[in-house]
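K.L.:
Quick one: the structure is below, and I'll ask about it shortly.
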Amino acid sequence: MEQARGERARTVAESAQDHVDGERLRRAIAQLAAFGGREDGGVSRQTLTDIDLQARRHLVERARALGCEVRIDEAANLYFRRPGEQDLPPVLTGSHVDTQPVGGKLDGAYGVLAGLELVEALNDAKVRTARPVEVVCWTNEEGSRFGPGCMGSSAFVDPARLPAYRAAVDGDQVTFGEALDRALQQMADVPRRAMKQPLAGFVELHIEQGPVLERAGVALGVVTGIQSVRWYAVKARGVAAHAGTTPMEVRADAMAACIEVAHRLQAEAAKAAGSGLRLTLGRWVVSPNSINTIPGEVEFTVDARCVDEQVLARFDAGLRTIVAGHAWRGRMELQPLFARAPTRFPQAMLDVMAQACQRASRIAGKPSPIELTSGAFHDAMYLADHCPTAMIFVPSKDGLSHNAAEETAHEDLVLGARALAHAVGWLASA
Ligand code: HGY
Ligand code: MN
Ligand code: MN
C-alpha cells in the first residue's frame with residue numbers, strides 16, 4: 001500500500017513538473033506586472049490600493065477560467081482551489097501580490113503565478129491529485145502601507161490578530177479596516193470562507209532577494225528557515241520654530257535629536273559586527289517638513305534582523321537604553337511595532353523540497369540545490385505555526401530586491417516553478 005502511494009506521488013509530481021510551461025509563466029508575470037507597472041520596469045502596487053484590487057480581480061478571473069473554486073476570507077486573503085479526488089485538507093501554495101512603494105515584478109507575485117502555473121500544468125497533464133491543491137494570495141505581506149507585515153497570513157493562522165490590524169493607519173490616515181472593507185465589498189461575488197482552515201502543508205516559492213544563490217552559481221535553494229525580525233518607531237517631539245530667528249542654544253530640534261540617536265543605533269549595531277545583524281532606518285516622517293522651520297516632530301522606523309535571536313535581544317536592550325536616555329529639550333518615545341522569532345522548517349518538508357529541486361536541476365543540467373536561511377521574512381513564517389511548511393528560492397540578479405531593477409533569469413524562474421510543481425504534486429498525492 002505504502003509503496004503504491006509512493007509510486008503514485010512520484011508519477012503525479014513528475015507529470016506536474018514536466019507540464020510546467022515557461023512561456024505561459026513569462027506571459028503571466030508580464031500581465032500581472034502591468035498592474036502598477038512603472039517606466040523603470042518596477043511595480044508600485046501597495047496593499048489594497050485600487051491597483052492592487054484590480055490585480056486581484058485579474059487573478060480571480062484567471063483562476064475561474066482554470067476551473068478553480070475561488071474563496072475569500074475576512075482578511076481578504078484569496079484562495080484558488082483545484083479540487084482533488086477527496087475533499088481533504090488541501091496543500092496550499094502561493095504568496096502575496098502587494099509590493100513595496102517602489103518594488104519589482106517578482107517579489108511575491110512570482111509565487112502566486114507559479115501556483116497558478118501548477119494548476120494549468122495539472123490540467124494539461126489531466127492529473128487529479130488525491131488532495132485539493134490551493135493557491136493563496138495573502139493580504140499585506142509587505143507591511144509598508146499598513147504595519148506590520150504579513151497581516152493576512154498571520155490573521156489566517158490566528159484570527160484574534162485581525163481587530164488590532166484593522167486599526168492600523170497609512171500615511172493618509174486611512175485605516176486598514178476601511179481598506180479591507182472596501183476590498184471585500186469589491187469582491188462581494190467571491191464566496192466568503194473562515195480563516196484558520198486545516199491544511200496538509202504550505203509551500204512558498206519566492207525570489208531570494210539576496211546574493212547567496214547567485215554567488216554560489218546555483219539556481220535553486222531549499223530554505224531551512226527565516227531569520228528573526230523586529231520593527232520599531234522612534235518619535236521625537238520638540239518645538240517647531242523659525243529657522244532664522246531661533247538661536248541654536250534654545251532649540252528643541254526633533255531632527256537633530258533623531259540624527260544623534262540614529263548615529264548611536266548604528267554604533268550599537270556595529271558592536272555586533274560579524275553576527276549578521278542588519279539595521280535599517282528606512283522611513284522618516286518630518287513635521288512640518290519645511291526648509292525654514294525647525295522640525296517639531298520627527299519619526300523614524302527601525303528594522304533590525306539577525307539569525308541569532310540573542311544578538312537581536314541585546315540590540316533591543318541597547319536601543320531602549322539609547323532612546324530612553326537621550327538628553328535634550330524635547331521628548332522621545334519608542335514604539336515596538338512587530339517582532340518575530342526565527343522560523344525553522346521541518347526536515348520532512350525540506351526533504352520533499354530537496355527531491356523536487358534535485359530532479360528539476362538534474363533535468364535542466366544545472367548544479368544541485370543548496371540550503372540557505374531567508375534574510376527576508378515571508379508569509380511562510382506564520383504558516384509554519386499552522387502546518388508543515390517550506391520554501392524554495394530562485395536567485396535574484398545582483399541580490400537586489402525592493403528595487404525597480406529586481407530581476408531573475410527567466411530559465412531560473414521556470415526551474416523554480418518546476419520544483420514547486422513537483423513538491424506540491426508530491427504532497428497532494430502522498
Ligand atoms: O521585509 C521583508 O522581509 C519582506 O520582503 N516584506
Ligand atoms: Mn515577498
Ligand atoms: Mn518584499
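So you can find residues: chains in the C-alpha cells are A, B, ... in the order shown, residues in each start at 1, and ligands are numbered from 1 in order.
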Do you know which residues are at most 7 Å from Val323 (chain A) counting only C-alpha atoms, after dropping those on the same chain fewer than 4 positions away, and could you put them as a list in words?

P.N.:
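Near Val323 (chain A), the qualifying residues are Val261, Leu319, Met332 and Leu334 of chain A.
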
K.L.:
Taking only C-alpha atoms and all ligand atoms into account, produce a table as JSON lines in which each residue of chain A with an atom at most 6 Å from an atom of ligand 1 appears once, together with its shortest atom pair and the distance in Å to one decimal, ordered by chain and rising number.

P.N.:
```
{"residue": "A:Glu141", "atom": "CA", "partner": "ligand 1", "partner_atom_place_in_ligand_line": "6 (N)", "distance": 5.9}
{"residue": "A:Glu142", "atom": "CA", "partner": "ligand 1", "partner_atom_place_in_ligand_line": "6 (N)", "distance": 4.0}
{"residue": "A:Ala376", "atom": "CA", "partner": "ligand 1", "partner_atom_place_in_ligand_line": "3 (O)", "distance": 3.4}
{"residue": "A:Phe377", "atom": "CA", "partner": "ligand 1", "partner_atom_place_in_ligand_line": "3 (O)", "distance": 3.9}
{"residue": "A:His378", "atom": "CA", "partner": "ligand 1", "partner_atom_place_in_ligand_line": "4 (C)", "distance": 5.9}
```

K.L.:
Given a cut-off of 12 Å, what residues near ligand 2 show up using only C-alpha atoms and all ligand atoms, put as a ChimeraX atom specification?

P.N.:
/A:94-100,103-112,137-144,149-150,204-210,374-381,391,393,401-402,406

K.L.:
Mind listing the helix (DSSP H, G or I) residues of region 20-138 of chain A, per DSSP on the backbone, as a PyMOL selection string?

P.N.:
chain A and resi 22-33+50-65+109-125

K.L.:
With C-alpha atoms retained, could you export that selection as a CSV table (one decimal), in the first residue's frame?

P.N.:
```
chain,number,residue,atom,x,y,z
A,22,GLY,CA,7.8,28.5,-19.2
A,23,GLU,CA,6.4,30.8,-21.9
A,24,ARG,CA,3.0,30.8,-20.2
A,25,LEU,CA,4.6,31.7,-17.0
A,26,ARG,CA,6.6,34.5,-18.7
A,27,ARG,CA,3.3,35.9,-20.1
A,28,ALA,CA,1.6,35.6,-16.7
A,29,ILE,CA,4.4,37.6,-15.0
A,30,ALA,CA,4.2,40.3,-17.6
A,31,GLN,CA,0.4,40.6,-17.4
A,32,LEU,CA,0.4,41.0,-13.6
A,33,ALA,CA,3.4,43.4,-13.7
A,50,ASP,CA,-7.1,50.4,-6.5
A,51,ILE,CA,-4.2,48.9,-8.5
A,52,ASP,CA,-3.9,46.0,-6.0
A,53,LEU,CA,-7.6,45.4,-6.2
A,54,GLN,CA,-7.5,45.4,-10.0
A,55,ALA,CA,-4.6,42.9,-9.9
A,56,ARG,CA,-6.6,40.7,-7.5
A,57,ARG,CA,-9.6,40.8,-9.8
A,58,HIS,CA,-7.4,39.7,-12.7
A,59,LEU,CA,-6.2,36.7,-10.7
A,60,VAL,CA,-9.7,35.8,-9.7
A,61,GLU,CA,-10.8,35.8,-13.4
A,62,ARG,CA,-7.8,33.7,-14.4
A,63,ALA,CA,-8.3,31.2,-11.6
A,64,ARG,CA,-12.0,30.8,-12.5
A,65,ALA,CA,-11.0,30.3,-16.1
A,109,ALA,CA,3.9,37.8,-7.4
A,110,TYR,CA,6.2,35.0,-8.7
A,111,GLY,CA,5.0,32.6,-6.0
A,112,VAL,CA,1.3,33.2,-6.8
A,113,LEU,CA,1.8,32.9,-10.5
A,114,ALA,CA,3.9,29.8,-10.2
A,115,GLY,CA,1.0,28.4,-8.2
A,116,LEU,CA,-1.5,29.1,-11.0
A,117,GLU,CA,1.0,27.7,-13.5
A,118,LEU,CA,1.0,24.5,-11.4
A,119,VAL,CA,-2.8,24.4,-11.7
A,120,GLU,CA,-2.5,24.7,-15.5
A,121,ALA,CA,0.2,22.1,-15.6
A,122,LEU,CA,-2.0,19.6,-13.7
A,123,ASN,CA,-4.9,20.5,-16.1
A,124,ASP,CA,-2.6,19.9,-19.1
A,125,ALA,CA,-1.4,16.6,-17.6
```

K.L.:
List as a PyMOL selection string the protein and nucleic acid residues near Ser290 (chain A), meaning an atom at most 12 Å away when only C-alpha atoms are counted, but skip any in the same chain fewer than 5 places from it.

P.N.:
chain A and resi 240-243+255+285+295-297

K.L.:
Choose the residue, out of A:Thr47, A:Ser275, A:Thr293, A:Thr246, that has the smallest atom-to-atom separation from ligand 3; count only C-alpha atoms and all ligand atoms.

P.N.:
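Looking at the shortest contact to ligand 3, the residue is A:Thr47.
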